[in-house]
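Enquirer: protein_26.cif (mmCIF, N, CA and C atoms) pasted underneath:
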data_upload
#
loop_
_atom_site.label_atom_id
_atom_site.label_comp_id
_atom_site.auth_asym_id
_atom_site.auth_seq_id
_atom_site.Cartn_x
_atom_site.Cartn_y
_atom_site.Cartn_z
N MET A 455 0.86 -1.18 0.00
CA MET A 455 0.00 0.00 0.00
C MET A 455 0.89 1.23 0.00
N SER A 456 0.63 2.16 -0.85
CA SER A 456 1.45 3.35 -0.94
C SER A 456 1.11 4.33 0.18
N GLU A 457 2.03 5.26 0.42
CA GLU A 457 1.77 6.26 1.45
C GLU A 457 0.55 7.10 1.09
N ARG A 458 0.37 7.33 -0.20
CA ARG A 458 -0.76 8.13 -0.67
C ARG A 458 -2.08 7.49 -0.26
N SER A 459 -2.21 6.18 -0.46
CA SER A 459 -3.47 5.53 -0.12
C SER A 459 -3.70 5.49 1.38
N VAL A 460 -2.63 5.35 2.16
CA VAL A 460 -2.77 5.39 3.62
C VAL A 460 -3.24 6.78 4.03
N TRP A 461 -2.67 7.80 3.42
CA TRP A 461 -3.06 9.16 3.72
C TRP A 461 -4.54 9.37 3.41
N ASP A 462 -4.98 8.84 2.27
CA ASP A 462 -6.38 8.98 1.89
C ASP A 462 -7.30 8.32 2.90
N LEU A 463 -6.91 7.18 3.44
CA LEU A 463 -7.74 6.47 4.41
C LEU A 463 -7.85 7.21 5.73
N ARG A 464 -6.82 7.96 6.09
CA ARG A 464 -6.87 8.69 7.36
C ARG A 464 -8.00 9.72 7.39
N HIS A 465 -8.35 10.22 6.22
CA HIS A 465 -9.36 11.27 6.16
C HIS A 465 -10.75 10.75 5.82
N MET A 466 -10.88 9.45 5.68
CA MET A 466 -12.18 8.86 5.38
C MET A 466 -13.05 8.89 6.64
N PRO A 467 -14.35 9.09 6.48
CA PRO A 467 -15.22 9.05 7.66
C PRO A 467 -15.25 7.65 8.26
N ARG A 468 -15.27 7.59 9.58
CA ARG A 468 -15.30 6.31 10.28
C ARG A 468 -16.56 6.24 11.13
N PHE A 469 -17.06 5.04 11.28
CA PHE A 469 -18.22 4.80 12.11
C PHE A 469 -17.85 3.72 13.11
N ASN A 470 -18.22 3.91 14.36
CA ASN A 470 -18.00 2.87 15.36
C ASN A 470 -19.23 1.99 15.40
N GLU A 471 -19.00 0.69 15.22
CA GLU A 471 -20.09 -0.27 15.21
C GLU A 471 -19.70 -1.47 16.05
N PRO A 472 -20.70 -2.16 16.61
CA PRO A 472 -20.38 -3.39 17.33
C PRO A 472 -19.84 -4.45 16.37
N LEU A 473 -18.89 -5.22 16.84
CA LEU A 473 -18.33 -6.30 16.05
C LEU A 473 -19.42 -7.31 15.74
N GLN A 474 -19.51 -7.71 14.48
CA GLN A 474 -20.52 -8.69 14.08
C GLN A 474 -19.93 -10.07 14.35
N TYR A 475 -20.29 -10.62 15.49
CA TYR A 475 -19.68 -11.86 15.96
C TYR A 475 -20.76 -12.71 16.59
N ASN A 476 -20.77 -13.98 16.25
CA ASN A 476 -21.79 -14.88 16.75
C ASN A 476 -21.19 -15.75 17.86
N HIS A 477 -21.49 -15.42 19.11
CA HIS A 477 -20.96 -16.17 20.24
C HIS A 477 -21.47 -17.61 20.25
N ASP A 478 -22.70 -17.84 19.80
CA ASP A 478 -23.26 -19.20 19.75
C ASP A 478 -22.45 -20.08 18.80
N GLU A 479 -22.08 -19.52 17.65
CA GLU A 479 -21.29 -20.28 16.67
C GLU A 479 -19.93 -20.65 17.26
N GLU A 480 -19.32 -19.73 17.97
CA GLU A 480 -18.02 -20.02 18.62
C GLU A 480 -18.17 -21.13 19.66
N ARG A 481 -19.25 -21.09 20.41
CA ARG A 481 -19.50 -22.13 21.43
C ARG A 481 -19.67 -23.50 20.76
N ARG A 482 -20.40 -23.54 19.61
CA ARG A 482 -20.58 -24.80 18.88
C ARG A 482 -19.24 -25.32 18.35
N ARG A 483 -18.39 -24.43 17.84
CA ARG A 483 -17.06 -24.84 17.36
C ARG A 483 -16.25 -25.46 18.49
N GLU A 484 -16.31 -24.82 19.65
CA GLU A 484 -15.55 -25.31 20.81
C GLU A 484 -16.07 -26.69 21.24
N GLU A 485 -17.38 -26.87 21.23
CA GLU A 485 -17.96 -28.17 21.58
C GLU A 485 -17.52 -29.25 20.59
N ARG A 486 -17.53 -28.92 19.28
CA ARG A 486 -17.09 -29.89 18.27
C ARG A 486 -15.61 -30.24 18.47
N ARG A 487 -14.78 -29.24 18.76
CA ARG A 487 -13.36 -29.47 18.99
C ARG A 487 -13.15 -30.38 20.19
N GLN A 488 -13.87 -30.12 21.28
CA GLN A 488 -13.74 -30.96 22.47
C GLN A 488 -14.23 -32.38 22.20
N PHE A 489 -15.30 -32.51 21.41
CA PHE A 489 -15.82 -33.83 21.07
C PHE A 489 -14.78 -34.62 20.27
N ARG A 490 -14.14 -33.95 19.28
CA ARG A 490 -13.10 -34.62 18.48
C ARG A 490 -11.94 -35.06 19.37
N GLN A 491 -11.54 -34.20 20.30
CA GLN A 491 -10.43 -34.57 21.20
C GLN A 491 -10.81 -35.76 22.07
N SER A 492 -12.04 -35.76 22.59
CA SER A 492 -12.46 -36.88 23.44
C SER A 492 -12.57 -38.16 22.61
N SER A 493 -13.00 -38.05 21.34
CA SER A 493 -13.07 -39.22 20.46
C SER A 493 -11.68 -39.77 20.21
N LEU A 494 -10.71 -38.89 20.02
CA LEU A 494 -9.33 -39.33 19.80
C LEU A 494 -8.79 -40.03 21.05
N SER A 495 -9.14 -39.51 22.22
CA SER A 495 -8.67 -40.13 23.47
C SER A 495 -9.24 -41.53 23.62
N VAL A 496 -10.53 -41.70 23.31
CA VAL A 496 -11.17 -43.01 23.41
C VAL A 496 -10.53 -43.97 22.41
N ALA A 497 -10.30 -43.51 21.18
CA ALA A 497 -9.68 -44.36 20.16
C ALA A 497 -8.27 -44.74 20.58
N ALA A 498 -7.54 -43.81 21.16
CA ALA A 498 -6.17 -44.09 21.59
C ALA A 498 -6.17 -45.09 22.73
N ASP A 499 -7.12 -44.98 23.67
CA ASP A 499 -7.21 -45.94 24.76
C ASP A 499 -7.51 -47.33 24.22
N GLY A 500 -8.34 -47.41 23.17
CA GLY A 500 -8.67 -48.69 22.57
C GLY A 500 -7.48 -49.33 21.89
N ASN A 501 -6.48 -48.52 21.51
CA ASN A 501 -5.28 -49.03 20.85
C ASN A 501 -4.14 -49.23 21.85
N ASN A 502 -4.48 -49.27 23.14
CA ASN A 502 -3.51 -49.49 24.22
C ASN A 502 -2.43 -48.41 24.29
N MET A 503 -2.74 -47.21 23.90
CA MET A 503 -1.78 -46.12 24.06
C MET A 503 -1.85 -45.65 25.50
N THR A 504 -0.76 -45.19 26.01
CA THR A 504 -0.77 -44.74 27.40
C THR A 504 -1.50 -43.41 27.49
N SER A 505 -2.16 -43.20 28.61
CA SER A 505 -2.94 -41.98 28.79
C SER A 505 -2.03 -40.76 28.92
N SER A 506 -0.77 -40.96 29.30
CA SER A 506 0.13 -39.82 29.42
C SER A 506 0.43 -39.21 28.05
N VAL A 507 0.47 -40.05 27.01
CA VAL A 507 0.71 -39.53 25.66
C VAL A 507 -0.53 -38.80 25.17
N VAL A 508 -1.69 -39.38 25.41
CA VAL A 508 -2.94 -38.79 24.95
C VAL A 508 -3.24 -37.51 25.71
N GLY A 509 -2.91 -37.47 26.99
CA GLY A 509 -3.25 -36.34 27.83
C GLY A 509 -2.45 -35.09 27.53
N LYS A 510 -1.32 -35.21 26.83
CA LYS A 510 -0.50 -34.03 26.54
C LYS A 510 -1.10 -33.26 25.39
N THR A 511 -1.45 -32.04 25.64
CA THR A 511 -1.97 -31.18 24.59
C THR A 511 -1.20 -29.87 24.61
N ARG A 512 -1.14 -29.25 23.46
CA ARG A 512 -0.49 -27.94 23.38
C ARG A 512 -1.42 -26.90 23.99
N PRO A 513 -0.85 -25.87 24.59
CA PRO A 513 -1.72 -24.80 25.09
C PRO A 513 -2.41 -24.12 23.91
N ARG A 514 -3.68 -23.81 24.08
CA ARG A 514 -4.45 -23.17 23.01
C ARG A 514 -4.06 -21.72 22.88
N ARG A 515 -3.83 -21.33 21.64
CA ARG A 515 -3.57 -19.93 21.37
C ARG A 515 -4.90 -19.26 21.09
N ARG A 516 -5.05 -18.07 21.54
CA ARG A 516 -6.32 -17.37 21.36
C ARG A 516 -6.11 -16.01 20.70
N VAL A 517 -7.13 -15.59 20.02
CA VAL A 517 -7.16 -14.27 19.41
C VAL A 517 -8.33 -13.54 20.02
N ASN A 518 -8.12 -12.31 20.42
CA ASN A 518 -9.18 -11.49 20.99
C ASN A 518 -9.48 -10.32 20.07
N PHE A 519 -10.75 -9.96 19.97
CA PHE A 519 -11.17 -8.85 19.14
C PHE A 519 -11.88 -7.82 20.02
N GLU A 520 -11.73 -6.57 19.64
CA GLU A 520 -12.46 -5.49 20.31
C GLU A 520 -13.94 -5.65 19.98
N GLU A 521 -14.79 -5.35 20.93
CA GLU A 521 -16.23 -5.47 20.69
C GLU A 521 -16.77 -4.33 19.83
N ILE A 522 -16.15 -3.14 19.91
CA ILE A 522 -16.54 -2.00 19.09
C ILE A 522 -15.40 -1.74 18.11
N VAL A 523 -15.71 -1.69 16.82
CA VAL A 523 -14.68 -1.53 15.79
C VAL A 523 -14.96 -0.30 14.94
N ALA A 524 -13.88 0.29 14.39
CA ALA A 524 -14.02 1.42 13.48
C ALA A 524 -14.23 0.87 12.08
N VAL A 525 -15.25 1.37 11.40
CA VAL A 525 -15.60 0.89 10.06
C VAL A 525 -15.43 2.04 9.08
N ILE A 526 -14.70 1.77 7.99
CA ILE A 526 -14.56 2.75 6.91
C ILE A 526 -15.36 2.21 5.74
N PRO A 527 -16.41 2.89 5.35
CA PRO A 527 -17.23 2.39 4.23
C PRO A 527 -16.43 2.39 2.93
N ILE A 528 -16.58 1.35 2.15
CA ILE A 528 -15.90 1.23 0.86
C ILE A 528 -16.93 1.53 -0.22
N PRO A 529 -16.62 2.48 -1.10
CA PRO A 529 -17.58 2.83 -2.15
C PRO A 529 -17.84 1.66 -3.09
N LEU A 530 -19.04 1.62 -3.65
CA LEU A 530 -19.38 0.63 -4.65
C LEU A 530 -18.63 0.93 -5.94
N ARG A 531 -18.49 -0.08 -6.76
CA ARG A 531 -17.83 0.10 -8.06
C ARG A 531 -18.54 1.18 -8.87
N SER A 532 -19.83 1.21 -8.80
CA SER A 532 -20.62 2.18 -9.57
C SER A 532 -20.49 3.61 -9.05
N ASP A 533 -19.94 3.80 -7.86
CA ASP A 533 -19.76 5.14 -7.30
C ASP A 533 -18.60 5.88 -7.93
N TYR A 534 -17.70 5.15 -8.62
CA TYR A 534 -16.53 5.77 -9.22
C TYR A 534 -16.84 6.23 -10.63
N SER A 535 -16.11 7.25 -11.08
CA SER A 535 -16.25 7.69 -12.48
C SER A 535 -15.66 6.61 -13.38
N SER A 536 -16.00 6.64 -14.66
CA SER A 536 -15.50 5.62 -15.58
C SER A 536 -13.97 5.68 -15.69
N THR A 537 -13.39 6.86 -15.58
CA THR A 537 -11.93 7.02 -15.64
C THR A 537 -11.27 6.31 -14.47
N VAL A 538 -11.77 6.53 -13.27
CA VAL A 538 -11.21 5.90 -12.08
C VAL A 538 -11.50 4.41 -12.10
N ARG A 539 -12.70 4.04 -12.51
CA ARG A 539 -13.11 2.63 -12.54
C ARG A 539 -12.20 1.80 -13.43
N CYS A 540 -11.84 2.32 -14.62
CA CYS A 540 -10.99 1.54 -15.53
C CYS A 540 -9.57 1.40 -15.00
N LYS A 541 -9.14 2.29 -14.11
CA LYS A 541 -7.81 2.16 -13.50
C LYS A 541 -7.83 1.20 -12.30
N MET A 542 -8.95 1.10 -11.63
CA MET A 542 -9.03 0.29 -10.41
C MET A 542 -9.47 -1.15 -10.66
N PHE A 543 -10.28 -1.38 -11.66
CA PHE A 543 -10.88 -2.70 -11.87
C PHE A 543 -10.43 -3.29 -13.21
N THR A 544 -10.35 -4.60 -13.24
CA THR A 544 -9.93 -5.32 -14.43
C THR A 544 -11.13 -5.61 -15.32
N ASN A 545 -10.94 -5.36 -16.62
CA ASN A 545 -12.02 -5.71 -17.55
C ASN A 545 -11.86 -7.16 -17.99
N ARG A 546 -12.81 -7.65 -18.77
CA ARG A 546 -12.85 -9.06 -19.16
C ARG A 546 -11.62 -9.46 -19.97
N VAL A 547 -11.20 -8.62 -20.91
CA VAL A 547 -10.04 -8.93 -21.76
C VAL A 547 -8.77 -9.01 -20.92
N GLU A 548 -8.58 -8.03 -20.06
CA GLU A 548 -7.39 -8.01 -19.20
C GLU A 548 -7.38 -9.21 -18.26
N MET A 549 -8.55 -9.59 -17.76
CA MET A 549 -8.66 -10.74 -16.87
C MET A 549 -8.23 -12.02 -17.60
N CYS A 550 -8.68 -12.19 -18.84
CA CYS A 550 -8.29 -13.37 -19.63
C CYS A 550 -6.79 -13.39 -19.88
N GLU A 551 -6.21 -12.23 -20.17
CA GLU A 551 -4.75 -12.15 -20.37
C GLU A 551 -4.01 -12.54 -19.09
N ASN A 552 -4.51 -12.07 -17.95
CA ASN A 552 -3.88 -12.41 -16.67
C ASN A 552 -3.96 -13.91 -16.40
N VAL A 553 -5.10 -14.52 -16.70
CA VAL A 553 -5.26 -15.97 -16.49
C VAL A 553 -4.28 -16.73 -17.36
N GLU A 554 -4.17 -16.35 -18.64
CA GLU A 554 -3.23 -17.01 -19.55
C GLU A 554 -1.80 -16.90 -19.03
N ARG A 555 -1.42 -15.69 -18.65
CA ARG A 555 -0.06 -15.46 -18.13
C ARG A 555 0.19 -16.29 -16.88
N ASN A 556 -0.77 -16.30 -15.97
CA ASN A 556 -0.62 -17.06 -14.73
C ASN A 556 -0.49 -18.56 -14.98
N LEU A 557 -1.25 -19.08 -15.95
CA LEU A 557 -1.16 -20.50 -16.29
C LEU A 557 0.22 -20.86 -16.83
N ILE A 558 0.79 -20.00 -17.66
CA ILE A 558 2.13 -20.23 -18.20
C ILE A 558 3.15 -20.25 -17.05
N GLU A 559 3.05 -19.28 -16.17
CA GLU A 559 3.99 -19.21 -15.05
C GLU A 559 3.81 -20.38 -14.09
N TYR A 560 2.58 -20.74 -13.81
CA TYR A 560 2.28 -21.86 -12.91
C TYR A 560 2.82 -23.16 -13.48
N THR A 561 2.66 -23.36 -14.78
CA THR A 561 3.18 -24.55 -15.45
C THR A 561 4.71 -24.57 -15.41
N ALA A 562 5.33 -23.42 -15.63
CA ALA A 562 6.80 -23.33 -15.60
C ALA A 562 7.34 -23.66 -14.21
N GLU A 563 6.53 -23.42 -13.19
CA GLU A 563 6.94 -23.70 -11.81
C GLU A 563 6.47 -25.08 -11.36
N ASN A 564 6.10 -25.92 -12.33
CA ASN A 564 5.65 -27.30 -12.07
C ASN A 564 4.45 -27.38 -11.15
N GLY A 565 3.63 -26.35 -11.14
CA GLY A 565 2.42 -26.37 -10.33
C GLY A 565 2.67 -26.46 -8.84
N ASP A 566 3.84 -26.04 -8.40
CA ASP A 566 4.21 -26.16 -6.98
C ASP A 566 4.55 -24.77 -6.44
N TRP A 567 3.83 -24.33 -5.45
CA TRP A 567 4.05 -22.99 -4.90
C TRP A 567 5.45 -22.84 -4.32
N ARG A 568 6.10 -23.97 -3.97
CA ARG A 568 7.46 -23.87 -3.42
C ARG A 568 8.48 -23.51 -4.50
N ASN A 569 8.09 -23.64 -5.76
CA ASN A 569 8.97 -23.29 -6.87
C ASN A 569 8.69 -21.89 -7.40
N THR A 570 7.91 -21.11 -6.70
CA THR A 570 7.52 -19.79 -7.17
C THR A 570 8.75 -18.93 -7.44
N CYS A 571 8.74 -18.29 -8.58
CA CYS A 571 9.83 -17.39 -8.96
C CYS A 571 9.71 -16.10 -8.16
N LEU A 572 10.74 -15.77 -7.42
CA LEU A 572 10.73 -14.56 -6.60
C LEU A 572 11.16 -13.36 -7.44
N GLU A 573 10.90 -12.17 -6.94
CA GLU A 573 11.22 -10.95 -7.69
C GLU A 573 12.69 -10.88 -8.08
N GLU A 574 13.58 -11.29 -7.18
CA GLU A 574 15.01 -11.20 -7.49
C GLU A 574 15.43 -12.18 -8.59
N ASP A 575 14.58 -13.16 -8.91
CA ASP A 575 14.88 -14.12 -9.98
C ASP A 575 14.26 -13.73 -11.31
N MET A 576 13.53 -12.63 -11.34
CA MET A 576 12.85 -12.20 -12.57
C MET A 576 13.74 -11.26 -13.37
N TYR A 577 13.41 -11.14 -14.65
CA TYR A 577 14.08 -10.19 -15.53
C TYR A 577 13.38 -8.85 -15.39
N LYS A 578 14.11 -7.79 -15.70
CA LYS A 578 13.52 -6.45 -15.64
C LYS A 578 13.52 -5.87 -17.05
N CYS A 579 12.35 -5.45 -17.51
CA CYS A 579 12.21 -4.87 -18.83
C CYS A 579 12.97 -3.54 -18.87
N GLY A 580 13.86 -3.38 -19.88
CA GLY A 580 14.66 -2.16 -19.99
C GLY A 580 13.84 -0.94 -20.36
N VAL A 581 12.69 -1.14 -20.97
CA VAL A 581 11.85 -0.02 -21.41
C VAL A 581 10.90 0.43 -20.31
N THR A 582 10.13 -0.53 -19.74
CA THR A 582 9.08 -0.18 -18.78
C THR A 582 9.51 -0.35 -17.32
N GLY A 583 10.59 -1.14 -17.09
CA GLY A 583 11.01 -1.42 -15.71
C GLY A 583 10.17 -2.50 -15.06
N GLU A 584 9.24 -3.08 -15.83
CA GLU A 584 8.35 -4.12 -15.33
C GLU A 584 9.13 -5.42 -15.14
N LEU A 585 8.79 -6.17 -14.08
CA LEU A 585 9.41 -7.47 -13.84
C LEU A 585 8.77 -8.49 -14.77
N VAL A 586 9.62 -9.38 -15.34
CA VAL A 586 9.14 -10.38 -16.30
C VAL A 586 9.55 -11.76 -15.79
N HIS A 587 8.59 -12.65 -15.70
CA HIS A 587 8.84 -14.03 -15.26
C HIS A 587 9.73 -14.72 -16.30
N PRO A 588 10.70 -15.53 -15.86
CA PRO A 588 11.59 -16.23 -16.80
C PRO A 588 10.84 -17.10 -17.82
N ALA A 589 9.65 -17.54 -17.51
CA ALA A 589 8.89 -18.37 -18.45
C ALA A 589 8.55 -17.62 -19.73
N HIS A 590 8.57 -16.30 -19.69
CA HIS A 590 8.21 -15.50 -20.85
C HIS A 590 9.43 -15.02 -21.63
N VAL A 591 10.62 -15.38 -21.19
CA VAL A 591 11.85 -14.90 -21.81
C VAL A 591 12.45 -16.00 -22.67
N VAL A 592 12.73 -15.66 -23.92
CA VAL A 592 13.40 -16.58 -24.82
C VAL A 592 14.83 -16.06 -25.00
N THR A 593 15.80 -16.88 -24.63
CA THR A 593 17.19 -16.48 -24.78
C THR A 593 17.78 -17.08 -26.05
N ASN A 594 18.94 -16.59 -26.48
CA ASN A 594 19.57 -17.04 -27.72
C ASN A 594 19.86 -18.53 -27.69
N HIS A 595 20.27 -19.09 -26.55
CA HIS A 595 20.62 -20.51 -26.52
C HIS A 595 19.38 -21.41 -26.57
N MET A 596 18.20 -20.83 -26.44
CA MET A 596 16.96 -21.62 -26.55
C MET A 596 16.49 -21.71 -27.99
N LEU A 597 17.00 -20.83 -28.86
CA LEU A 597 16.53 -20.80 -30.25
C LEU A 597 17.14 -21.88 -31.08
#
Written as structure tokens, how would this file's structure read?
Expert:
Amino acid sequence: MSERSVWDLRHMPRFNEPLQYNHDEERRREERRQFRQSSLSVAADGNNMTSSVVGKTRPRRRVNFEEIVAVIPIPLRSDYSSTVRCKMFTNRVEMCENVERNLIEYTAENGDWRNTCLEEDMYKCGVTGELVHPAHVVTNHML
């Protein structure tokens, strides 16, 4: 996020609203989690595992949220002028081009996210300064 966009957000109107959170749903999740743990304990006892191994659990990490949150309304796509809209949103043709490019790059990386080409491994276009994935570069020794 650029400094400009952060600056723009500072001046946006904010509304304080209660956090939309369902305590009943959280209670049901906790009950399901405890049921799964007790089922695992019973299954482990049936397999003659010692209770000391089953009884060891990691301490639960928790996340807490504020009950009242600041909300910044996001304008609808239709609220922007056509000039701004074409800069912010992708049209159908551009989306298809992006999908094609991504498929080529994904295939070049053998469909494995661990093989993802990092920025420092990409070529830099001398004209635009844009980073180019090696899958799109044809070198002399490949011809």
Enquirer: Give me, please, the distance in Å between atom C of Met576 of chain A and atom CA of Lys541 of chain A, quoted to one decimal.
Expert: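 Between atom C of Met576 of chain A and atom CA of Lys541 of chain A the gap is 25.4 Å.
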Enquirer: Point out the residue among A:His587, A:Arg531, A:Arg486, A:Arg468 with the least atom-to-atom distance to Thr570 of chain A, counting only C-alpha atoms.
Expert: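 So, comparing all the options, the nearest one is A:His587.
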Enquirer: When you draw a straight line from atom C of Pro472 of chain A to atom CA of Tyr534 of chain A, how long is it in Å?
Expert: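 Separation between atom C of Pro472 of chain A and atom CA of Tyr534 of chain A: 27.8 Å.
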Enquirer: Hey, what does DSSP flag as helix (DSSP H, G or I) within segment 466-596 of chain A? Can you give it to me as a PyMOL selection string?
Expert: chain A and resi 477-500+505-509+531-533+536-542+546-562+567-569+573-575+588-590+594-596
Enquirer: Interatomic distance between atom N of His590 of chain A and atom N of Met549 of chain A?
Expert: 18.5 Å
Enquirer: Box for segment 476-483 of chain A - axis-aligned, 4 Å on each of the six sides, all listed atoms - centre and size in Å to one decimal, as lines of an AutoDock Vina configuration file.
Expert:
center_x = -19.8
center_y = -19.7
center_z = 18.8
size_x = 15.0
size_y = 19.5
size_z = 13.2
Enquirer: DSSP on the backbone: what in segment 467-560 of chain A comes out strand (DSSP E), as a list of chain:residue names?
Expert: A:Phe469, A:Asn470, A:Glu471, A:Pro472, A:Ile522, A:Val523, A:Ala524, A:Val525
Enquirer: Residues around (-15.7, 4.2, 13.3), cut-off 8 Å, counting only C-alpha atoms - what are they as a list in words?
Expert: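 Every residue inside that radius is included here: Pro467, Arg468, Phe469, Asn470, Glu471, Val523, Ala524, Val525 and Ile526 of chain A.
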Enquirer: For the interface of segment 510-546 of chain A with segment 473-476 of chain A (cut-off 6 Å, counting all atoms listed in the file), please tabulate each contacting residue of segment 510-546 of chain A alongside its nearest pair of atoms and their separation in Å to one decimal, rows sorted by chain and increasing number, as a Markdown table.
Expert:
| residue | atom | partner | partner_atom | distance |
| --- | --- | --- | --- | --- |
| A:Glu520 | C | A:Leu473 | N | 5.9 |
| A:Glu521 | C | A:Leu473 | N | 3.8 |
| A:Ile522 | CA | A:Leu473 | N | 4.6 |
| A:Val523 | N | A:Leu473 | N | 4.8 |
